[in-house]
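A short worksheet on the structure shown next.
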Protein chains: 2
Amino acid sequence: MPDDLDRLLTDAKRASRELGVAPAERRHAAITAIADAIERAGDAILAANAEDLERGRAGGLASGLLDRLLLDEGRIAALAAAARQLAALPDPIGEVLRERTLPNGLELTEVRVPFGVIGVIYEARPNVTVDLACIALGSGNAVVLRGGSAAERTNAVLVATMQDAIEASGLPRAAVQTIDRFGRDGAGRLMRARGLVDLLVPRGSAALIERVVTESTVPVIETGAGVVHAFVDRAASLPMALEILLNAKTQRTSVCNSLETVLVHRDIADTAVPAIADAMREAGVTIHADTPLPGVDAPEPLGEQGWSTEHLSMDVAIGVVDDVRAAIEHVNAFGTHHTDTIITDDADAADRFLAEVDSAVVMHNASTRFTDGGEFGFGAEVGISTQKAHARGPMGLPELTSTKWIVRGTGQVRA
Amino acid sequence: MPDDLDRLLTDAKRASRELGVAPAERRHAAITAIADAIERAGDAILAANAEDLERGRAGGLASGLLDRLLLDEGRIAALAAAARQLAALPDPIGEVLRERTLPNGLELTEVRVPFGVIGVIYEARPNVTVDLACIALGSGNAVVLRGGSAAERTNAVLVATMQDAIEASGLPRAAVQTIDRFGRDGAGRLMRARGLVDLLVPRGSAALIERVVTESTVPVIETGAGVVHAFVDRAASLPMALEILLNAKTQRTSVCNSLETVLVHRDIADTAVPAIADAMREAGVTIHADTPLPGVDAPEPLGEQGWSTEHLSMDVAIGVVDDVRAAIEHVNAFGTHHTDTIITDDADAADRFLAEVDSAVVMHNASTRFTDGGEFGFGAEVGISTQKAHARGPMGLPELTSTKWIVRGTGQVRA
């Protein structure tokens, strides 16, 4: 006899079949209804969130996690606004990707279709709960959410509110479900629900992602870890470099697209390194290095993972490299294939860096903080894929779709 | 200290960096050189193949496997011809998939890039060895092959021949490597080579695919198993139905796109089922059913997996369903999401079947045997994906690519 979780996943699969043939207008109407409902339910959401925060404080949750857990009126309004933006984006479903007619007259059409059921395992971020539900509806998928115990009460109210709105729009409640009540066991079963879960996305700590990648037997998108580099080429404008480096490092430190390592071309190291180090220290950033740096007193050693350390704090590693080739090799060897930028006025050096750095997003003269679904115009994001299969970089609506070949014939058989 | 297999995988990664920036002309020249070299080395290849066949016969290999293992002059010529066809296909690398300019002036471009290193685990089919090497070169990837012990000598000669041709074309030998000599341990380590293997494709038996999906920590494409259906609607042309059913079932039985189950609309069952059963039996096909069928004496019971049995032999299951909706439910419940076809003159029934059957390839009035990279015009195929992530259906050159976002700025920072 199926237990509750089996039934929940089967309900999700059934709901996904309905969503897969529902017109875009109805799915968009459901997203708009979610935006309205969340604004209307603001008091209940904030009350549940206060309980989670209280429990978190009592349990000694770190301040960074408490901040991610916190909802307030402004954040609720921002969630509703993001949902409305998603509802205004073009529908990816049914888009024709390739068409061809074979010599025997068979007509082949490759079209975008929803995945079916998307699972997401994430940690302590209730805003993600709403983003994910709306992205899933926007791409015709059902979603099963495991949001982590710290946000359990907030997520329960958010999901119930969204389910009411979805049902009122004529779509199945099971389009959006939470499995928080099944605890860690629920997450493990989600990872092995072959045939019911079509794609699983982990969002959160490196340990969480590692566990999901290792244990899952359903297809997974690896997201997140960002050992992000900036290479200051010898042909860089130093003022531009300083502005980009400070923005990439300090504008928000706890996120995956923030800067962790600055590499400086040896030819300009004597002037550029002291200028960068001074500007970083003035902004409150601690400098790390593995060798003495020109004009930098007593840098700290590299982090525990050496050049692959992801600080996510006001810390930066600085290194000197011989040329753009050495910079590329360093980035490919020690980075996480997330986002890396070159600062230079030399078009050839830029082209080489953009071509040879093996990362999801490669930039020229821009801050790495722009790697973000919202910034890219995707409305919101499921996460940032750092693997190469299926999707790479910020994942929005098209990244939550699969494809299908439709073959129309008049009785053709194979010779 | 790295052992041989670590070094082999590291060499593959390094070779993939060279291939990733090699111009298409050079990669196409290498494929053409492979075609020439394989034709020239025909005698050595056939001698090695004779040894494998001898060992296979002595070891009691089934006749179907022996046939898959066999190379002869005709098959070698066909391999060379397929390679030359691949070399003539458009290069997918560098193709621009999306472009946009953000309000702040940042220019975003999404381009196709190679994966890097593709691993393939397959069984006893030396022709696949050449197809895979050429598809990998055509898409700018290095490939690491585990072809199974039955074909080990043939594969060793094929790989050495191809490596010589690749090197003579100015590309690295390590672009194509075999790990057959590492045995089962090699396959297991390929599955867990995170950071070195970017995509792993198993091709072969259900047991092999199950092992790879379960044990791998690198991204996997699930391929293969085909519980393939044909639904004969009440508005079907019976002569067309018979021709398609016989072709799909009997043209080649051992392949994944061959027919396993015929579903017949109840309204025409009294005439259609006896006609189908007679034609099948006349062609030497055994009929299976789970209830009495009109006009069919003593059908065999369904296979061990019931309606989900993949016979891959001259056996077919026949069932009667109430309508197109019931047919769709049956296919989605018992199929493997590979290929399913509807035979009907009713456009509405066809559209519904094509939209709601959740399979990689859905067909109307055509034989399921057309699901094939060669038939689709892909030149050759890596396999047929039955999962929804990354690629679905026959996998050719574009399916062996990833993407990368290139962001060009003039000093933009995030506010």
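Each chain in the structure tokens gets a letter, A, B, ..., in the order shown, and its residues are numbered from 1; ligands are numbered from 1 in order too.
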Report as a Markdown table: every residue of segment 19-124 of chain A with an atom at most 12 Å from segment 144-155 of chain A, its closest pair of atoms, and their distance in Å to one decimal, counting only C-alpha atoms, with rows sorted by chain and ascending residue number.
| residue | atom | partner | partner_atom | distance |
| --- | --- | --- | --- | --- |
| A:Ile38 | CA | A:Thr154 | CA | 11.8 |
| A:Ala41 | CA | A:Thr154 | CA | 11.6 |
| A:Gly42 | CA | A:Thr154 | CA | 11.0 |
| A:Asp43 | CA | A:Thr154 | CA | 11.3 |
| A:Ala44 | CA | A:Thr154 | CA | 8.9 |
| A:Ile45 | CA | A:Thr154 | CA | 6.1 |
| A:Leu46 | CA | A:Thr154 | CA | 7.7 |
| A:Ala47 | CA | A:Thr154 | CA | 8.2 |
| A:Ala48 | CA | A:Thr154 | CA | 4.9 |
| A:Asn49 | CA | A:Thr154 | CA | 4.8 |
| A:Ala50 | CA | A:Thr154 | CA | 8.4 |
| A:Glu51 | CA | A:Arg153 | CA | 7.3 |
| A:Asp52 | CA | A:Ala151 | CA | 5.9 |
| A:Leu53 | CA | A:Ala150 | CA | 8.0 |
| A:Glu54 | CA | A:Ala150 | CA | 10.1 |
| A:Arg55 | CA | A:Ala150 | CA | 7.9 |
| A:Gly56 | CA | A:Ala150 | CA | 6.5 |
| A:Arg57 | CA | A:Ala150 | CA | 10.3 |
| A:Ala58 | CA | A:Ala150 | CA | 11.4 |
| A:Gly59 | CA | A:Ala150 | CA | 9.6 |
| A:Gly60 | CA | A:Ala150 | CA | 11.2 |
| A:Leu61 | CA | A:Ala150 | CA | 8.7 |
| A:Ala62 | CA | A:Ala150 | CA | 11.5 |
| A:Leu65 | CA | A:Ala150 | CA | 9.1 |
| A:Leu66 | CA | A:Ala150 | CA | 9.1 |
| A:Asp67 | CA | A:Ala151 | CA | 11.8 |
| A:Arg68 | CA | A:Ala151 | CA | 9.8 |
| A:Leu69 | CA | A:Ala151 | CA | 6.6 |
| A:Leu70 | CA | A:Ala151 | CA | 9.2 |
| A:Leu71 | CA | A:Thr154 | CA | 8.9 |
| A:Asp72 | CA | A:Thr154 | CA | 11.8 |
| A:Ile76 | CA | A:Thr154 | CA | 11.9 |
| A:Gly116 | CA | A:Val144 | CA | 10.8 |
| A:Val117 | CA | A:Val144 | CA | 7.2 |
| A:Ile118 | CA | A:Val144 | CA | 6.3 |
| A:Gly119 | CA | A:Val144 | CA | 4.8 |
| A:Val120 | CA | A:Leu145 | CA | 5.2 |
| A:Ile121 | CA | A:Arg146 | CA | 4.8 |
| A:Tyr122 | CA | A:Gly147 | CA | 5.0 |
| A:Glu123 | CA | A:Gly148 | CA | 5.0 |
| A:Ala124 | CA | A:Ala151 | CA | 5.1 |
Between chain A and chain B, at 6 Å or less, what are the per-residue closest atom pairs and their distances in Å? Count only C-alpha atoms, order by chain and rising residue number, and return it as JSON lines.
{"residue": "A:Val213", "atom": "CA", "partner": "B:Thr217", "partner_atom": "CA", "distance": 5.9}
{"residue": "A:Thr214", "atom": "CA", "partner": "B:Thr217", "partner_atom": "CA", "distance": 5.2}
{"residue": "A:Thr217", "atom": "CA", "partner": "B:Thr214", "partner_atom": "CA", "distance": 5.2}
{"residue": "A:Met240", "atom": "CA", "partner": "B:Gly411", "partner_atom": "CA", "distance": 5.8}
{"residue": "A:Ile244", "atom": "CA", "partner": "B:Val413", "partner_atom": "CA", "distance": 5.9}
{"residue": "A:Ala360", "atom": "CA", "partner": "B:Lys404", "partner_atom": "CA", "distance": 5.1}
{"residue": "A:Val361", "atom": "CA", "partner": "B:Trp405", "partner_atom": "CA", "distance": 4.7}
{"residue": "A:Val362", "atom": "CA", "partner": "B:Ile406", "partner_atom": "CA", "distance": 5.1}
{"residue": "A:Met363", "atom": "CA", "partner": "B:Val407", "partner_atom": "CA", "distance": 4.6}
{"residue": "A:His364", "atom": "CA", "partner": "B:Arg408", "partner_atom": "CA", "distance": 4.9}
{"residue": "A:Asn365", "atom": "CA", "partner": "B:Gly411", "partner_atom": "CA", "distance": 4.9}
{"residue": "A:Ala366", "atom": "CA", "partner": "B:Gln412", "partner_atom": "CA", "distance": 5.0}
{"residue": "A:Ser367", "atom": "CA", "partner": "B:Val413", "partner_atom": "CA", "distance": 5.1}
{"residue": "A:Lys388", "atom": "CA", "partner": "B:Ser402", "partner_atom": "CA", "distance": 5.4}
{"residue": "A:Ala389", "atom": "CA", "partner": "B:His390", "partner_atom": "CA", "distance": 5.6}
{"residue": "A:His390", "atom": "CA", "partner": "B:His390", "partner_atom": "CA", "distance": 3.5}
{"residue": "A:Ser402", "atom": "CA", "partner": "B:Lys388", "partner_atom": "CA", "distance": 5.4}
{"residue": "A:Lys404", "atom": "CA", "partner": "B:Ala360", "partner_atom": "CA", "distance": 5.1}
{"residue": "A:Trp405", "atom": "CA", "partner": "B:Val361", "partner_atom": "CA", "distance": 4.7}
{"residue": "A:Ile406", "atom": "CA", "partner": "B:Val362", "partner_atom": "CA", "distance": 5.1}
{"residue": "A:Val407", "atom": "CA", "partner": "B:Met363", "partner_atom": "CA", "distance": 4.6}
{"residue": "A:Arg408", "atom": "CA", "partner": "B:His364", "partner_atom": "CA", "distance": 4.9}
{"residue": "A:Gly409", "atom": "CA", "partner": "B:Asn365", "partner_atom": "CA", "distance": 5.0}
{"residue": "A:Thr410", "atom": "CA", "partner": "B:Asn365", "partner_atom": "CA", "distance": 5.4}
{"residue": "A:Gly411", "atom": "CA", "partner": "B:Asn365", "partner_atom": "CA", "distance": 4.9}
{"residue": "A:Gln412", "atom": "CA", "partner": "B:Ala366", "partner_atom": "CA", "distance": 5.0}
{"residue": "A:Val413", "atom": "CA", "partner": "B:Ser367", "partner_atom": "CA", "distance": 5.1}
Put those residues in a file: C-alpha atoms, as a PDB file, in the first residue's frame.
ATOM      1  CA  VAL A 213      24.715  14.386  -6.738  1.00  0.00           C
ATOM      2  CA  THR A 214      26.080  11.271  -5.043  1.00  0.00           C
ATOM      3  CA  THR A 217      19.320   8.062  -9.323  1.00  0.00           C
ATOM      4  CA  MET A 240      37.715  50.123 -14.255  1.00  0.00           C
ATOM      5  CA  ILE A 244      34.600  45.898 -10.984  1.00  0.00           C
ATOM      6  CA  ALA A 360      29.024  28.648 -17.375  1.00  0.00           C
ATOM      7  CA  VAL A 361      29.398  32.423 -17.706  1.00  0.00           C
ATOM      8  CA  VAL A 362      32.523  34.184 -18.981  1.00  0.00           C
ATOM      9  CA  MET A 363      32.705  37.979 -18.899  1.00  0.00           C
ATOM     10  CA  HIS A 364      34.754  40.823 -20.324  1.00  0.00           C
ATOM     11  CA  ASN A 365      34.890  44.114 -18.421  1.00  0.00           C
ATOM     12  CA  ALA A 366      31.885  43.332 -16.228  1.00  0.00           C
ATOM     13  CA  SER A 367      31.186  42.412 -12.610  1.00  0.00           C
ATOM     14  CA  LYS A 388      27.309  21.093 -18.697  1.00  0.00           C
ATOM     15  CA  ALA A 389      24.445  18.657 -19.205  1.00  0.00           C
ATOM     16  CA  HIS A 390      20.976  20.077 -19.916  1.00  0.00           C
ATOM     17  CA  SER A 402      12.449  19.069 -22.247  1.00  0.00           C
ATOM     18  CA  LYS A 404       9.812  15.774 -27.896  1.00  0.00           C
ATOM     19  CA  TRP A 405      10.014  14.671 -31.522  1.00  0.00           C
ATOM     20  CA  ILE A 406       6.697  14.576 -33.356  1.00  0.00           C
ATOM     21  CA  VAL A 407       6.739  12.484 -36.525  1.00  0.00           C
ATOM     22  CA  ARG A 408       3.836  12.752 -38.979  1.00  0.00           C
ATOM     23  CA  GLY A 409       3.554  10.215 -41.744  1.00  0.00           C
ATOM     24  CA  THR A 410       1.187   8.767 -44.329  1.00  0.00           C
ATOM     25  CA  GLY A 411       1.938   5.110 -43.724  1.00  0.00           C
ATOM     26  CA  GLN A 412       5.745   5.081 -44.117  1.00  0.00           C
ATOM     27  CA  VAL A 413       7.586   1.890 -43.152  1.00  0.00           C
TER      28      VAL A 413
END
* Using backbone DSSP assignments, extract all helix (DSSP H, G or I) residues from segment 13-209 of chain A; output them as a VMD selection string. => chain A and resid 13 to 21 24 to 40 42 to 58 63 to 69 73 to 87 126 to 138 149 to 168 173 to 175 180 to 191 206 to 209
* Structure fact -> Counting only C-alpha atoms, the residue among A:Asp278, A:Asp3, A:Glu381, A:Asp164 that lies closest to Phe182 of chain A is A:Asp3
* Asked: With only C-alpha atoms as the atoms that count, which of B:Val197, B:Gly373, B:Thr386, B:Arg27 lies nearest to Ile209 of chain B?
  ->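 For Ile209 of chain B, the nearest of the candidates is B:Thr386.
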* Structure fact -> What separates atom CA of His229 of chain A and atom CA of Pro301 of chain A is a distance of 17.6 Å
